[in-house]
Amino acid sequence: MPPSLDPQQLDTGTLALFAGQAAALLVQEQLAEQGFGDLRFSHGYVFQCLIDDEPTVGELAARLGMTQQGASKAVAELERLGYCERVPDAADARVRRVRLTGRGQDAVAAARCARSALEQRLADRFGEQHLAGYRDLLVRLLDELGGTTAIERRAVRPPR
C-alpha cells in the first residue's frame, strides 16, 4: 500500500518530527489506559534525569537547561501526582535529592512496554529489516546533526 502523503511534500526533519509525535501520542494513550493518564510528554525530560540518578533540584535544572524555579515547579507537580519524592541526601541531611517513587518506576516500566509494543507493531507492519534500516538512518541523521551525545548521556533538553 503506497503512503497516503507524498514523502517529497515535507522535509526530512519535519517528517521525522511528525512520526515521533505520532509515536509519542500512541505511547501516551497506552500509559493512560494503564492508569498514568496524568503524565505529559514534557514530564519525560524530568524522568530521564531520575531513572539512574537522584539529583538535587539545582542539578536537575542545570541538566535540563532551565531555571531552578522551573525545575522546582516540575518536581512539585510530579510529587503531587505521586511520581517522585524529595529525600535527604545520605551524606548531608540538609540537601534534598529527587527520586522516582514506586509509581514513578511503574510509569517508566509501562512506558518501556508501550514503546516495545509499538516497535513490534511497526516491525509486523513494515518488516524488522525495514524498521532496522529506518532506525539506522535516524541515528545517522542524529549523528550528523549533533544530537546523539545528549541521548547517550540522558541529557536531552526540552525545546525552548
# chains A, B, ... in the order shown; residues from 1 in each chain; ligands from 1
>>> residues_around(residues="range 82-85 of chain A", least_positions_apart="6", cutoff="12 Å", atoms="only C-alpha atoms", output="VMD selection string")
chain A and resid 36 38 to 39 43 to 44 46 to 47 49 to 51 54 to 57 72 74 to 76 96 to 108
>>> atom_distance(atom1="CA of Ala71 in chain A", atom2="CA of Gln21 in chain A")
23.6 Å
>>> select_by_dssp(residues="chain A", states="helix (DSSP H, G or I)", output="number ranges by chain")
A: 12-33, 43-50, 57-64, 68-80, 102-126, 128-145, 148-152
>>> select_by_dssp(residues="range 6-160 of chain A", states="strand (DSSP E or B)", output="PyMOL selection string")
chain A and resi 84-88+96-100
>>> write_last_selection(atoms="N, CA and C atoms", output="mmCIF file, in the first residue's frame")
data_model
loop_
_atom_site.group_PDB
_atom_site.id
_atom_site.type_symbol
_atom_site.label_atom_id
_atom_site.label_comp_id
_atom_site.auth_asym_id
_atom_site.auth_seq_id
_atom_site.Cartn_x
_atom_site.Cartn_y
_atom_site.Cartn_z
ATOM 1 N N CYS A 84 7.414 11.206 42.010
ATOM 2 C CA CYS A 84 8.739 11.407 42.581
ATOM 3 C C CYS A 84 8.599 11.963 43.991
ATOM 4 N N GLU A 85 9.721 11.975 44.687
ATOM 5 C CA GLU A 85 9.737 12.498 46.054
ATOM 6 C C GLU A 85 11.101 13.125 46.315
ATOM 7 N N ARG A 86 11.129 14.012 47.285
ATOM 8 C CA ARG A 86 12.399 14.617 47.709
ATOM 9 C C ARG A 86 12.805 13.922 49.005
ATOM 10 N N VAL A 87 14.053 13.494 49.032
ATOM 11 C CA VAL A 87 14.566 12.759 50.189
ATOM 12 C C VAL A 87 15.888 13.374 50.634
ATOM 13 N N PRO A 88 16.222 13.236 51.926
ATOM 14 C CA PRO A 88 17.514 13.770 52.391
ATOM 15 C C PRO A 88 18.687 13.030 51.746
ATOM 16 N N ARG A 96 18.460 18.029 49.756
ATOM 17 C CA ARG A 96 17.316 17.204 49.341
ATOM 18 C C ARG A 96 17.541 16.706 47.915
ATOM 19 N N ARG A 97 17.356 15.428 47.724
ATOM 20 C CA ARG A 97 17.508 14.814 46.410
ATOM 21 C C ARG A 97 16.141 14.381 45.901
ATOM 22 N N VAL A 98 16.011 14.351 44.594
ATOM 23 C CA VAL A 98 14.747 13.962 43.954
ATOM 24 C C VAL A 98 14.909 12.555 43.405
ATOM 25 N N ARG A 99 13.944 11.707 43.706
ATOM 26 C CA ARG A 99 13.996 10.347 43.167
ATOM 27 C C ARG A 99 12.599 9.882 42.783
ATOM 28 N N LEU A 100 12.572 8.894 41.903
ATOM 29 C CA LEU A 100 11.304 8.301 41.494
ATOM 30 C C LEU A 100 10.714 7.498 42.650
#
>>> closest_atom_pairs(of="range 16-95 of chain A", to="range 125-138 of chain A", cutoff="12 Å", atoms="only C-alpha atoms", output="tab-separated table")
residue	atom	partner	partner_atom	distance
A:Ala16	CA	A:Leu138	CA	8.2
A:Leu17	CA	A:Leu138	CA	11.0
A:Ala19	CA	A:Leu138	CA	11.5
A:Gly20	CA	A:Leu138	CA	11.0
>>> write_last_selection(atoms="N, CA and C atoms", output="CSV table (one decimal), in the first residue's frame")
chain,number,residue,atom,x,y,z
A,16,ALA,N,10.3,13.3,10.3
A,16,ALA,CA,10.8,12.6,11.5
A,16,ALA,C,10.1,13.1,12.8
A,17,LEU,N,10.0,14.5,12.8
A,17,LEU,CA,9.3,15.1,14.0
A,17,LEU,C,7.8,14.6,14.1
A,19,ALA,N,6.5,11.9,12.8
A,19,ALA,CA,6.4,10.5,13.1
A,19,ALA,C,6.7,10.2,14.6
A,20,GLY,N,7.7,11.0,15.1
A,20,GLY,CA,8.0,10.9,16.5
A,20,GLY,C,6.8,11.3,17.4
>>> closest_residue(among="A:Asp92, A:Arg140, A:Arg121, A:Leu81", to="Gly35 in chain A", atoms="only C-alpha atoms")
A:Leu81
>>> closest_residue(among="A:Asp89, A:Leu26, A:Leu78, A:Leu64", to="Gln48 in chain A", atoms="only C-alpha atoms")
A:Leu64
